[in-house]
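Below is structure12.cif, holding mmCIF, C-alpha atoms and all ligand atoms.
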```cif
data_final
#
loop_
_atom_site.label_atom_id
_atom_site.label_comp_id
_atom_site.auth_asym_id
_atom_site.auth_seq_id
_atom_site.Cartn_x
_atom_site.Cartn_y
_atom_site.Cartn_z
CA MET A 1 259.67 43.53 158.46
CA PRO A 2 262.42 44.12 155.88
CA THR A 3 260.25 46.18 153.56
CA SER A 4 263.29 47.58 151.78
CA THR A 5 263.95 44.23 150.12
CA ARG A 6 260.40 43.90 148.82
CA HIS A 7 259.94 45.10 145.30
CA LEU A 8 256.24 44.49 145.12
CA ALA A 9 253.80 45.03 147.93
CA THR A 10 252.04 41.81 146.90
CA ALA A 11 255.07 39.57 146.33
CA PRO A 12 254.27 36.38 148.24
CA SER A 13 256.78 34.93 150.68
CA ASN A 14 257.94 31.34 150.33
CA ALA A 15 256.62 30.67 153.81
CA ASP A 16 253.12 31.76 152.81
CA VAL A 17 253.06 29.74 149.60
CA SER A 18 254.44 26.76 151.49
CA ARG A 19 251.65 26.97 154.06
CA TYR A 20 249.06 27.24 151.29
CA ALA A 21 250.47 24.20 149.48
CA LEU A 22 250.47 22.34 152.78
CA ARG A 23 246.76 23.03 153.30
CA LEU A 24 245.86 21.68 149.87
CA GLY A 25 248.29 18.79 150.23
CA ASP A 26 246.87 17.82 153.62
CA ASP A 27 243.33 17.88 152.19
CA ALA A 28 244.43 15.46 149.48
CA LEU A 29 246.51 13.27 151.77
CA ILE A 30 243.87 12.76 154.46
CA SER A 31 241.22 12.27 151.81
CA ALA A 32 243.38 9.57 150.18
CA GLN A 33 243.81 7.87 153.55
CA ARG A 34 240.06 7.79 154.17
CA MET A 35 239.23 6.55 150.66
CA GLY A 36 241.89 3.86 150.98
CA GLU A 37 240.15 2.49 154.06
CA TRP A 38 237.34 1.31 151.79
CA ILE A 39 239.56 -1.12 149.89
CA ALA A 40 238.16 -4.61 150.53
CA ALA A 41 235.22 -3.10 152.47
CA ALA A 42 233.18 -1.36 149.76
CA PRO A 43 229.68 -2.59 148.78
CA GLN A 44 231.02 -4.30 145.66
CA LEU A 45 234.34 -5.30 144.16
CA GLU A 46 234.22 -2.61 141.46
CA GLU A 47 233.79 -0.03 144.19
CA ASP A 48 236.86 -1.27 146.07
CA VAL A 49 238.77 -0.64 142.87
CA ALA A 50 237.14 2.71 142.16
CA LEU A 51 237.74 4.15 145.62
CA GLY A 52 241.26 2.72 145.58
CA ASN A 53 241.97 4.49 142.31
CA ILE A 54 240.49 7.73 143.60
CA ALA A 55 242.70 7.40 146.69
CA LEU A 56 245.72 6.89 144.44
CA ASP A 57 244.97 10.04 142.44
CA LEU A 58 244.60 12.01 145.67
CA LEU A 59 247.81 10.56 147.05
CA GLY A 60 249.66 11.58 143.90
CA GLN A 61 248.33 15.13 144.24
CA ALA A 62 249.29 15.14 147.92
CA ARG A 63 252.84 14.00 147.14
CA ALA A 64 253.37 16.82 144.64
CA LEU A 65 251.90 19.44 146.97
CA LEU A 66 253.77 18.28 150.08
CA THR A 67 257.04 18.02 148.18
CA TYR A 68 256.59 21.58 146.99
CA ALA A 69 255.60 22.80 150.47
CA GLY A 70 258.77 21.22 151.84
CA GLN A 71 260.98 22.78 149.17
CA LEU A 72 259.57 26.26 149.82
CA GLU A 73 259.90 25.83 153.56
CA GLY A 74 263.61 25.29 153.05
CA ALA A 75 264.10 23.22 156.19
CA GLY A 76 264.98 20.04 154.34
CA ARG A 77 261.67 18.26 154.94
CA ASP A 78 260.46 16.03 152.13
CA GLU A 79 256.98 14.62 151.45
CA ASP A 80 257.52 11.70 153.83
CA ASP A 81 258.72 13.92 156.68
CA LEU A 82 255.64 16.07 156.26
CA ALA A 83 253.20 13.17 155.97
CA TYR A 84 254.60 10.92 158.66
CA LEU A 85 256.39 13.07 161.19
CA ARG A 86 254.02 15.93 161.92
CA ASP A 87 251.67 15.88 164.87
CA GLU A 88 247.95 16.51 164.79
CA ARG A 89 248.07 20.28 165.38
CA GLN A 90 250.48 20.75 162.47
CA PHE A 91 248.07 19.34 159.89
CA LEU A 92 246.12 22.02 158.04
CA ASN A 93 243.42 20.04 156.23
CA ALA A 94 239.79 21.09 156.55
CA GLN A 95 237.91 18.86 158.98
CA ILE A 96 235.55 17.46 156.34
CA PHE A 97 238.38 15.33 154.94
CA GLU A 98 239.20 13.61 158.23
CA LEU A 99 235.71 12.56 159.35
CA GLY A 100 235.22 8.81 159.71
CA ASN A 101 233.94 7.08 156.59
CA GLY A 102 230.59 6.22 158.18
CA ASP A 103 228.40 4.18 155.87
CA PHE A 104 228.70 4.28 152.08
CA GLY A 105 226.06 7.01 151.90
CA PHE A 106 228.16 9.33 154.04
CA THR A 107 231.30 8.57 152.03
CA VAL A 108 229.48 9.36 148.79
CA ALA A 109 228.02 12.59 150.22
CA ARG A 110 231.43 13.68 151.43
CA LEU A 111 233.11 12.80 148.11
CA LEU A 112 230.44 14.72 146.21
CA VAL A 113 231.22 17.85 148.21
CA THR A 114 235.00 17.52 148.38
CA SER A 115 235.49 16.55 144.74
CA THR A 116 233.25 19.40 143.59
CA TYR A 117 235.27 21.74 145.79
CA GLN A 118 238.62 20.42 144.56
CA HIS A 119 237.45 20.58 140.96
CA ALA A 120 236.52 24.26 141.28
CA LEU A 121 239.70 24.99 143.20
CA TYR A 122 242.07 23.30 140.77
CA ALA A 123 240.27 24.74 137.75
CA GLY A 124 241.06 28.20 139.15
CA LEU A 125 244.55 27.30 140.35
CA ARG A 126 245.55 26.26 136.80
CA HIS A 127 245.99 29.98 136.20
CA SER A 128 248.05 30.59 139.35
CA ALA A 129 251.01 32.98 139.10
CA ASP A 130 252.98 30.20 140.78
CA SER A 131 253.96 27.87 137.94
CA THR A 132 254.39 24.77 140.15
CA LEU A 133 250.94 25.12 141.70
CA ALA A 134 249.52 25.77 138.23
CA ALA A 135 251.12 22.58 136.87
CA ILE A 136 249.91 20.43 139.78
CA ALA A 137 246.40 21.87 139.40
CA ALA A 138 246.29 21.31 135.63
CA LYS A 139 246.83 17.59 136.18
CA ALA A 140 244.65 17.32 139.27
CA VAL A 141 241.62 19.01 137.77
CA LYS A 142 241.25 16.27 135.16
CA GLU A 143 241.48 13.59 137.83
CA VAL A 144 238.99 15.09 140.28
CA ASP A 145 236.63 15.55 137.35
CA TYR A 146 236.30 11.75 137.35
CA HIS A 147 235.92 11.68 141.15
CA ARG A 148 233.11 14.20 140.99
CA ASP A 149 231.43 12.26 138.24
CA HIS A 150 231.69 9.05 140.28
CA ALA A 151 230.20 10.68 143.39
CA THR A 152 227.44 12.22 141.28
CA GLN A 153 226.44 8.88 139.76
CA TRP A 154 226.27 7.25 143.21
CA THR A 155 224.31 10.13 144.74
CA LEU A 156 221.71 9.81 141.98
CA ARG A 157 221.57 6.05 142.27
CA LEU A 158 221.23 5.98 146.04
CA GLY A 159 219.10 9.11 146.47
CA ASP A 160 216.64 8.08 143.80
CA GLY A 161 216.85 4.38 144.66
CA THR A 162 215.03 2.43 147.36
CA ALA A 163 213.48 3.95 150.47
CA GLU A 164 216.42 2.66 152.52
CA SER A 165 219.11 3.93 150.14
CA HIS A 166 217.34 7.30 149.98
CA ARG A 167 217.17 7.52 153.76
CA ARG A 168 220.85 6.72 154.21
CA MET A 169 221.98 9.00 151.40
CA GLN A 170 219.98 11.86 152.94
CA GLN A 171 221.50 11.06 156.32
CA GLY A 172 224.97 11.22 154.76
CA VAL A 173 224.24 14.63 153.26
CA ASP A 174 222.84 15.86 156.59
CA ASP A 175 225.90 14.67 158.46
CA VAL A 176 228.42 16.20 156.08
CA TRP A 177 226.68 19.57 155.73
CA PRO A 178 227.98 21.27 158.92
CA TYR A 179 231.53 20.77 157.63
CA ILE A 180 231.09 22.37 154.20
CA SER A 181 231.42 26.03 155.09
CA GLU A 182 234.99 25.62 156.36
CA LEU A 183 236.07 24.91 152.76
CA PHE A 184 235.04 28.42 151.76
CA GLU A 185 236.61 30.38 154.61
CA SER A 186 239.11 33.00 153.53
CA ASP A 187 241.74 34.23 155.96
CA ALA A 188 244.75 36.56 155.91
CA LEU A 189 246.87 33.96 154.11
CA THR A 190 244.47 33.18 151.28
CA THR A 191 243.49 36.83 150.89
CA ALA A 192 247.13 37.89 150.51
CA LEU A 193 247.99 35.02 148.16
CA ALA A 194 244.85 35.54 146.08
CA ALA A 195 245.76 39.22 145.71
CA SER A 196 249.14 38.23 144.29
CA GLY A 197 247.54 35.75 141.89
CA VAL A 198 249.00 32.66 143.58
CA ALA A 199 245.97 31.28 145.43
CA VAL A 200 242.30 30.91 144.68
CA ASP A 201 240.21 32.76 147.26
CA PRO A 202 238.19 29.99 148.97
CA ASN A 203 235.26 32.34 149.38
CA SER A 204 235.00 32.74 145.62
CA LEU A 205 234.34 29.00 145.20
CA GLU A 206 231.29 28.72 147.45
CA GLU A 207 228.59 29.65 144.98
CA GLN A 208 229.70 27.43 142.09
CA VAL A 209 230.28 24.45 144.38
CA LEU A 210 226.90 24.75 146.08
CA VAL A 211 225.13 25.24 142.75
CA TYR A 212 226.55 21.97 141.43
CA VAL A 213 225.94 20.01 144.64
CA GLU A 214 222.39 21.27 145.01
CA GLN A 215 221.63 20.43 141.41
CA VAL A 216 222.73 16.83 142.03
CA LEU A 217 220.78 16.65 145.30
CA THR A 218 217.62 17.86 143.60
CA GLU A 219 217.96 15.38 140.77
CA ALA A 220 218.56 12.65 143.35
CA THR A 221 215.34 13.64 145.17
CA LEU A 222 217.38 14.68 148.20
CA THR A 223 216.96 17.79 150.32
CA ARG A 224 219.62 20.39 151.02
CA PRO A 225 219.92 20.60 154.81
CA GLU A 226 219.97 23.82 156.78
CA ALA A 227 223.41 24.47 158.23
CA THR A 228 222.65 25.09 161.87
CA VAL A 229 226.13 24.22 163.08
CA ARG A 230 229.34 25.19 161.26
CA HIS A 231 232.45 23.32 162.27
CA THR A 232 235.80 24.92 161.60
CA GLY A 233 239.42 25.02 162.75
CA GLY A 234 241.28 22.61 160.47
CA ARG A 235 243.19 25.33 158.62
CA SER A 236 244.77 26.39 161.90
CA GLY A 237 245.43 22.87 163.14
CA ILE A 238 242.29 22.26 165.19
CA HIS A 239 240.87 18.84 164.38
CA THR A 240 238.07 16.48 165.34
CA GLU A 241 238.40 13.61 167.76
CA GLN A 242 238.55 11.20 164.81
CA PHE A 243 241.69 12.74 163.36
CA GLY A 244 244.12 11.21 165.85
CA TYR A 245 243.02 7.75 164.74
CA VAL A 246 243.68 8.58 161.08
CA LEU A 247 247.19 9.73 161.90
CA ALA A 248 247.89 6.75 164.15
CA GLU A 249 247.11 4.39 161.32
CA MET A 250 248.87 6.43 158.64
CA GLN A 251 252.02 7.18 160.63
CA HIS A 252 252.45 4.02 162.66
CA LEU A 253 254.81 2.19 160.31
CA ALA A 254 257.02 5.16 159.47
CA ARG A 255 257.36 6.14 163.13
CA SER A 256 257.98 2.62 164.39
CA HIS A 257 260.69 1.98 161.81
CA PRO A 258 262.35 5.36 161.20
CA GLY A 259 263.98 5.63 157.80
CA ALA A 260 262.62 2.28 156.62
CA LYS A 261 262.62 1.83 152.84
CA TRP A 262 260.51 -0.62 150.91
CA MET B 1 293.23 2.10 117.92
CA SER B 2 290.09 3.99 117.06
CA GLN B 3 287.80 5.14 119.78
CA ILE B 4 284.24 3.99 119.86
CA ALA B 5 282.11 6.95 118.82
CA PRO B 6 279.68 8.05 121.51
CA PRO B 7 276.08 7.31 120.58
CA ARG B 8 274.35 10.21 118.91
CA PRO B 9 271.07 11.56 120.35
CA ALA B 10 268.99 9.70 117.75
CA ALA B 11 270.40 6.39 118.93
CA LEU B 12 269.90 7.40 122.55
CA TRP B 13 266.33 8.40 121.86
CA GLN B 14 265.71 5.06 120.23
CA ALA B 15 267.08 3.23 123.27
CA VAL B 16 264.90 5.20 125.68
CA ALA B 17 261.86 5.16 123.40
CA SER B 18 261.78 1.36 123.47
CA VAL B 19 261.24 1.24 127.25
CA LEU B 20 257.88 -0.42 127.92
CA ASP B 21 255.21 0.91 130.23
CA PRO B 22 255.05 -1.57 133.15
CA GLU B 23 251.25 -1.40 133.39
CA VAL B 24 250.46 -1.77 129.70
CA PRO B 25 253.54 -3.66 128.54
CA VAL B 26 252.70 -3.54 124.83
CA LEU B 27 253.12 0.23 124.79
CA THR B 28 256.46 1.96 124.85
CA ILE B 29 256.79 5.18 126.80
CA GLU B 30 257.04 6.89 123.42
CA ASP B 31 253.75 5.35 122.21
CA LEU B 32 252.15 6.53 125.45
CA GLY B 33 253.46 10.07 124.99
CA ILE B 34 255.12 10.26 128.40
CA LEU B 35 258.66 10.48 126.99
CA ARG B 36 258.92 14.23 126.42
CA ASP B 37 262.55 15.06 125.70
CA LEU B 38 266.17 13.99 125.74
CA HIS B 39 269.26 16.20 125.98
CA LEU B 40 272.89 15.23 125.57
CA ASP B 41 275.34 17.88 126.77
CA GLU B 42 279.01 18.29 125.83
CA SER B 43 280.22 16.42 128.90
CA GLY B 44 278.24 13.38 127.78
CA HIS B 45 275.54 13.77 130.42
CA VAL B 46 272.12 12.65 129.26
CA GLU B 47 268.94 14.13 130.67
CA VAL B 48 265.65 12.39 129.92
CA VAL B 49 262.39 14.23 130.54
CA ILE B 50 259.26 12.23 131.32
CA THR B 51 255.79 13.15 132.57
CA PRO B 52 253.34 11.01 134.57
CA THR B 53 250.00 9.95 133.15
CA TYR B 54 248.12 10.42 136.45
CA SER B 55 249.47 12.31 139.50
CA GLY B 56 249.50 9.10 141.47
CA CYS B 57 250.93 6.86 138.76
CA PRO B 58 252.86 4.23 140.71
CA ALA B 59 254.91 3.21 137.66
CA MET B 60 257.09 6.32 137.46
CA ASP B 61 259.86 4.91 139.65
CA ALA B 62 259.99 1.70 137.62
CA ILE B 63 260.02 3.68 134.37
CA THR B 64 262.85 5.88 135.65
CA ALA B 65 264.89 2.79 136.53
CA ASP B 66 264.16 1.23 133.13
CA VAL B 67 265.27 4.40 131.32
CA VAL B 68 268.57 4.42 133.21
CA GLU B 69 269.05 0.75 132.41
CA ALA B 70 268.22 1.21 128.71
CA LEU B 71 270.83 3.95 128.41
CA ALA B 72 273.41 1.92 130.32
CA ALA B 73 272.90 -0.84 127.75
CA VAL B 74 274.07 1.53 124.99
CA GLY B 75 277.02 2.76 127.02
CA CYS B 76 275.59 5.84 128.75
CA HIS B 77 276.13 5.86 132.48
CA ASP B 78 275.86 9.56 133.25
CA VAL B 79 272.08 9.87 133.16
CA SER B 80 269.44 11.86 134.97
CA VAL B 81 265.69 11.52 134.58
CA ARG B 82 263.60 14.62 135.20
CA LEU B 83 259.89 14.42 135.94
CA VAL B 84 257.78 17.32 134.70
CA LEU B 85 254.09 17.98 135.36
CA ALA B 86 253.45 20.68 132.76
CA PRO B 87 252.04 20.54 130.22
CA ALA B 88 249.71 17.95 131.72
CA TRP B 89 249.67 14.60 129.94
CA THR B 90 246.57 13.78 127.95
CA THR B 91 245.46 10.57 126.25
CA ASP B 92 245.52 12.61 123.03
CA TRP B 93 249.31 12.13 123.17
CA ILE B 94 249.01 8.37 122.67
CA SER B 95 250.29 7.79 119.13
CA GLU B 96 248.30 6.12 116.36
CA VAL B 97 250.68 3.18 116.61
CA GLY B 98 249.98 3.08 120.33
CA ARG B 99 246.23 3.08 119.77
CA ARG B 100 246.50 0.13 117.39
CA LYS B 101 248.68 -1.76 119.86
CA LEU B 102 246.12 -1.18 122.63
CA GLN B 103 243.33 -2.47 120.43
CA THR B 104 245.29 -5.62 119.54
CA TYR B 105 246.19 -6.15 123.20
CA GLY B 106 242.49 -6.12 124.13
CA ILE B 107 242.19 -2.62 125.56
CA ALA B 108 239.77 -0.27 123.83
CA PRO B 109 241.74 2.91 123.01
CA PRO B 110 240.63 6.28 124.40
CA SER B 111 238.38 8.63 122.51
CA HIS B 112 239.83 12.05 121.77
CA ARG B 113 239.41 14.31 124.70
CA GLY B 114 239.39 17.88 123.49
CA ASP B 115 238.73 20.38 126.27
CA GLY B 116 235.31 19.41 127.58
CA PRO B 117 234.18 17.81 130.85
CA VAL B 118 234.43 14.07 131.56
CA PRO B 119 233.83 12.62 128.12
CA VAL B 120 230.99 10.16 127.95
CA ALA B 121 232.19 7.33 125.77
CA LEU B 122 228.96 6.53 124.00
CA SER B 123 230.21 3.81 121.73
CA VAL B 124 233.30 2.05 122.98
CA ARG B 125 233.92 -0.81 120.60
CA CYS B 126 234.71 -4.23 122.00
CA PRO B 127 238.38 -4.88 121.20
CA GLN B 128 237.65 -8.61 120.96
CA CYS B 129 234.79 -8.75 118.45
CA GLY B 130 234.40 -5.14 117.32
CA SER B 131 230.79 -4.83 118.48
CA ALA B 132 229.56 -1.41 119.57
CA ASP B 133 226.95 -3.05 121.80
CA THR B 134 228.92 -2.61 125.01
CA ARG B 135 228.27 -1.20 128.47
CA GLU B 136 230.37 0.37 131.19
CA LEU B 137 230.59 -1.72 134.37
CA SER B 138 232.78 0.68 136.32
CA ARG B 139 234.34 4.06 135.62
CA PHE B 140 237.46 2.88 137.44
CA GLY B 141 239.19 -0.29 136.23
CA SER B 142 242.32 -2.25 137.04
CA THR B 143 244.44 0.91 137.03
CA ALA B 144 243.62 4.62 137.31
CA CYS B 145 243.85 5.02 133.53
CA LYS B 146 241.25 2.38 132.63
CA SER B 147 237.53 1.77 133.01
CA LEU B 148 235.88 -1.65 133.00
CA TRP B 149 233.41 -2.60 130.26
CA SER B 150 231.61 -5.65 129.03
CA CYS B 151 230.46 -6.63 125.56
CA ARG B 152 226.85 -7.69 125.00
CA SER B 153 227.75 -9.47 121.76
CA CYS B 154 230.60 -11.74 122.80
CA LEU B 155 229.92 -11.37 126.55
CA GLU B 156 233.58 -10.75 127.30
CA PRO B 157 234.72 -8.08 129.75
CA PHE B 158 237.37 -5.63 128.59
CA ASP B 159 239.33 -2.57 129.69
CA HIS B 160 238.89 0.84 128.12
CA PHE B 161 241.67 3.41 128.29
CA LYS B 162 239.83 6.44 129.67
CA ALA B 163 240.20 9.78 127.94
CA LEU B 164 242.09 12.20 130.17
ZN ZN C 301 232.77 -8.37 122.01
#
```

Would you mind writing the file out in structure tokens?
Amino acid sequence: MPTSTRHLATAPSNADVSRYALRLGDDALISAQRMGEWIAAAPQLEEDVALGNIALDLLGQARALLTYAGQLEGAGRDEDDLAYLRDERQFLNAQIFELGNGDFGFTVARLLVTSTYQHALYAGLRHSADSTLAAIAAKAVKEVDYHRDHATQWTLRLGDGTAESHRRMQQGVDDVWPYISELFESDALTTALAASGVAVDPNSLEEQVLVYVEQVLTEATLTRPEATVRHTGGRSGIHTEQFGYVLAEMQHLARSHPGAKW
Amino acid sequence: MSQIAPPRPAALWQAVASVLDPEVPVLTIEDLGILRDLHLDESGHVEVVITPTYSGCPAMDAITADVVEALAAVGCHDVSVRLVLAPAWTTDWISEVGRRKLQTYGIAPPSHRGDGPVPVALSVRCPQCGSADTRELSRFGSTACKSLWSCRSCLEPFDHFKAL
């Protein structure tokens, strides 16, 4: 390691910041893809529009993050190259974002968790030492605030609704729970970047996210499940069986018609 | 023969400021507060600085093209448009003129945001009849920046520009 050229022990490398931006960008991108699948399939027309708009916000955040990751990488890859031309093992999103939409209860449960997580993350990242990440986060935090609010309203409505809506909302929460802990896993990359003020340590978000989610669950007469299984691996490119199908759909056009513009 | 004087920045600003937002075509990009700056350097190069409303705003490419076109119409062909994210756009940047135009167009203007959490718009007035007896149908409307409401007095639906 060329330590002689390093002025600060904690100065982050472009490669590290790029990889961090890629993780957050992949979370947003895959989340946008899943939300977009609801368009024309949601329980009501307003919900098609709402989930479509949420997907659009997430896609915008993904574009900014992937563009930045590509610039820092310095290999000439732009947002499209990163979104469309990487294979499964090169995606760094947490697994919770890629899971199939399931029924509306599962989608709402997942959005409640992921939007609460992203809200806490971006609120912290606004103060990042990296000015680009700080700028992206300052916009994103206001957008995911609306996503979290939307998921909260639906959780309350379904949880404290009919016996059937309660049952399915609880099932959604149960199904999503084993995937939550991955969001709060710190590793060498996040620890180093958090020390230099660039990243938010994922571990530091766990308490505030769970406090908010549990508060909503309680108000919605739902029960917090016990996490008996904890799925993980997304940050290092290990994904669920469902992920290949997401990529096939998302990448099909760009790969079949390389360089196509529209 | 006298040379035509190059347009001064004020005239350039005016040309760019009149570009309309494609999604709310009664508002100019100046009314909306997304036109942030304009520089003219000695070589005659013009740089226009704009910022998106939402991260995923699909209108930015169209706005960029319209800015270039508006400057070409006043004789400027050496133009670049720079997109900045910081400081983050807020509905508080919509001008008073812009708010009145929204109202007239049938879109209830945003409440002032301040720094709090998602603002609960308790009394959004119907832009058609002025009644405060309205209700929110959906937090997300026809575009990311609007929510969908309906009026209990005149029974008409309307868009509300969400505070951001
Ligand atoms: Zn009315």

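Closest approach to chain A among B:Gly33, B:Gly75, B:Gly56, B:Pro22 is made by B:Gly56 (distances from all atoms listed in the file).
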
Residue list for chain A near chain B as a PyMOL selection string, 12 Å, all atoms listed in the file: chain A and resi 28-29+32+44-65+119+123+126+131-151+153-154

Would you mind exporting the chosen residues as a CSV table (one decimal), in the frame of the given file, restricted to C-alpha atoms?
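As written to disk, result27.csv reads:
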```csv
chain,number,residue,atom,x,y,z
A,28,ALA,CA,244.4,15.5,149.5
A,29,LEU,CA,246.5,13.3,151.8
A,32,ALA,CA,243.4,9.6,150.2
A,44,GLN,CA,231.0,-4.3,145.7
A,45,LEU,CA,234.3,-5.3,144.2
A,46,GLU,CA,234.2,-2.6,141.5
A,47,GLU,CA,233.8,0.0,144.2
A,48,ASP,CA,236.9,-1.3,146.1
A,49,VAL,CA,238.8,-0.6,142.9
A,50,ALA,CA,237.1,2.7,142.2
A,51,LEU,CA,237.7,4.2,145.6
A,52,GLY,CA,241.3,2.7,145.6
A,53,ASN,CA,242.0,4.5,142.3
A,54,ILE,CA,240.5,7.7,143.6
A,55,ALA,CA,242.7,7.4,146.7
A,56,LEU,CA,245.7,6.9,144.4
A,57,ASP,CA,245.0,10.0,142.4
A,58,LEU,CA,244.6,12.0,145.7
A,59,LEU,CA,247.8,10.6,147.0
A,60,GLY,CA,249.7,11.6,143.9
A,61,GLN,CA,248.3,15.1,144.2
A,62,ALA,CA,249.3,15.1,147.9
A,63,ARG,CA,252.8,14.0,147.1
A,64,ALA,CA,253.4,16.8,144.6
A,65,LEU,CA,251.9,19.4,147.0
A,119,HIS,CA,237.4,20.6,141.0
A,123,ALA,CA,240.3,24.7,137.8
A,126,ARG,CA,245.6,26.3,136.8
A,131,SER,CA,254.0,27.9,137.9
A,132,THR,CA,254.4,24.8,140.2
A,133,LEU,CA,250.9,25.1,141.7
A,134,ALA,CA,249.5,25.8,138.2
A,135,ALA,CA,251.1,22.6,136.9
A,136,ILE,CA,249.9,20.4,139.8
A,137,ALA,CA,246.4,21.9,139.4
A,138,ALA,CA,246.3,21.3,135.6
A,139,LYS,CA,246.8,17.6,136.2
A,140,ALA,CA,244.6,17.3,139.3
A,141,VAL,CA,241.6,19.0,137.8
A,142,LYS,CA,241.2,16.3,135.2
A,143,GLU,CA,241.5,13.6,137.8
A,144,VAL,CA,239.0,15.1,140.3
A,145,ASP,CA,236.6,15.6,137.4
A,146,TYR,CA,236.3,11.8,137.4
A,147,HIS,CA,235.9,11.7,141.2
A,148,ARG,CA,233.1,14.2,141.0
A,149,ASP,CA,231.4,12.3,138.2
A,150,HIS,CA,231.7,9.0,140.3
A,151,ALA,CA,230.2,10.7,143.4
A,153,GLN,CA,226.4,8.9,139.8
A,154,TRP,CA,226.3,7.2,143.2
```

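Around ligand ZN 301 (chain C), using all atoms listed in the file and a cut-off of 7 Å, the residues in contact are B:Cys126, B:Pro127, B:Gln128, B:Cys129, B:Gly130, B:Ser131, B:Cys151, B:Arg152, B:Ser153, B:Cys154, B:Leu155, B:Glu156.
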
Padding 3 Å on every side, please: axis-aligned box over the listed atoms of segment 62-81 of chain B, centre and edge lengths to one decimal in Å, as AutoDock Vina command-line options.
```
--center_x 268.5 --center_y 5.5 --center_z 131.3 --size_x 23.0 --size_y 18.7 --size_z 18.6
```

For atom CA of Ala70 of chain B and atom CA of Val97 of chain B, quote the distance in Å rounded to one decimal.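 Atom CA of Val97 of chain B lies at a distance of 21.4 Å from atom CA of Ala70 of chain B.
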
Kindly give the distance, in Å, that separates atom CA of Thr191 of chain A and atom CA of Asn203 of chain A, rounded to a single decimal.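 For atom CA of Thr191 of chain A relative to atom CA of Asn203 of chain A, the distance reads 9.5 Å.
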
Please return, as a ChimeraX atom specification, all polymer residues that have at least one atom within 12 Å of the point (235.1, 22.4, 158.9); use all atoms listed in the file and the file's own coordinate frame. /A:27,92-99,114,176-185,227,229-240

Kindly export the residues of the current selection with C-alpha atoms, as a short mmCIF file (atom, residue, chain, number, x, y, z; two decimals), in the frame of the given file.
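This is the output file selection27.cif:
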```cif
data_model
loop_
_atom_site.label_atom_id
_atom_site.label_comp_id
_atom_site.auth_asym_id
_atom_site.auth_seq_id
_atom_site.Cartn_x
_atom_site.Cartn_y
_atom_site.Cartn_z
CA ASP A 27 243.33 17.88 152.19
CA LEU A 92 246.12 22.02 158.04
CA ASN A 93 243.42 20.04 156.23
CA ALA A 94 239.79 21.09 156.55
CA GLN A 95 237.91 18.86 158.98
CA ILE A 96 235.55 17.46 156.34
CA PHE A 97 238.38 15.33 154.94
CA GLU A 98 239.20 13.61 158.23
CA LEU A 99 235.71 12.56 159.35
CA THR A 114 235.00 17.52 148.38
CA VAL A 176 228.42 16.20 156.08
CA TRP A 177 226.68 19.57 155.73
CA PRO A 178 227.98 21.27 158.92
CA TYR A 179 231.53 20.77 157.63
CA ILE A 180 231.09 22.37 154.20
CA SER A 181 231.42 26.03 155.09
CA GLU A 182 234.99 25.62 156.36
CA LEU A 183 236.07 24.91 152.76
CA PHE A 184 235.04 28.42 151.76
CA GLU A 185 236.61 30.38 154.61
CA ALA A 227 223.41 24.47 158.23
CA VAL A 229 226.13 24.22 163.08
CA ARG A 230 229.34 25.19 161.26
CA HIS A 231 232.45 23.32 162.27
CA THR A 232 235.80 24.92 161.60
CA GLY A 233 239.42 25.02 162.75
CA GLY A 234 241.28 22.61 160.47
CA ARG A 235 243.19 25.33 158.62
CA SER A 236 244.77 26.39 161.90
CA GLY A 237 245.43 22.87 163.14
CA ILE A 238 242.29 22.26 165.19
CA HIS A 239 240.87 18.84 164.38
CA THR A 240 238.07 16.48 165.34
#
```

Can you pull out the residues contacting Lys261 of chain A? Cut-off 12 Å, using all atoms listed in the file, and skip same-chain residues under 6 positions away; I want them as a count of residues only. 3

For the atom pair atom CA of Val74 of chain B and atom CA of Lys101 of chain B, what is the interatomic distance in Å to one decimal place? 26.1 Å

Using only C-alpha atoms, what residues lie at most 10 Å away from (254.7, 18.9, 151.0) (file coordinates), given as a ChimeraX atom specification? /A:18-19,21-26,29,62-73,77-83

Return the single residue from A:Gly159, A:Gly102, A:Pro258, A:Gly172 that is closest to Val216 of chain A, with distances computed using only C-alpha atoms. A:Gly159

May I ask which of the residues B:Ile50, B:Val67, B:Val24, B:Cys76 is the closest one to Pro9 of chain B, counting only C-alpha atoms?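 Going through B:Ile50, B:Val67, B:Val24, B:Cys76 one by one, the smallest distance to Pro9 of chain B is for B:Cys76.
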
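Nearest to Tyr105 of chain B of all the residues B:Glu136, B:Asp21, B:Asp92, B:Asp159 is B:Asp159, based on only C-alpha atoms.
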
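For the choices B:Ala17, B:Leu102, B:Arg125, B:Met60, the atom-to-atom distance to Arg36 of chain B is smallest for B:Ala17 when using only C-alpha atoms.
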
Would you list the contacts of Gln33 of chain A as a ChimeraX atom specification, taking every protein, DNA or RNA residue within 8 Å and counting all atoms listed in the file, but skipping same-chain residues closer than 2 positions in sequence? /A:29-31,35-37,55,246,250
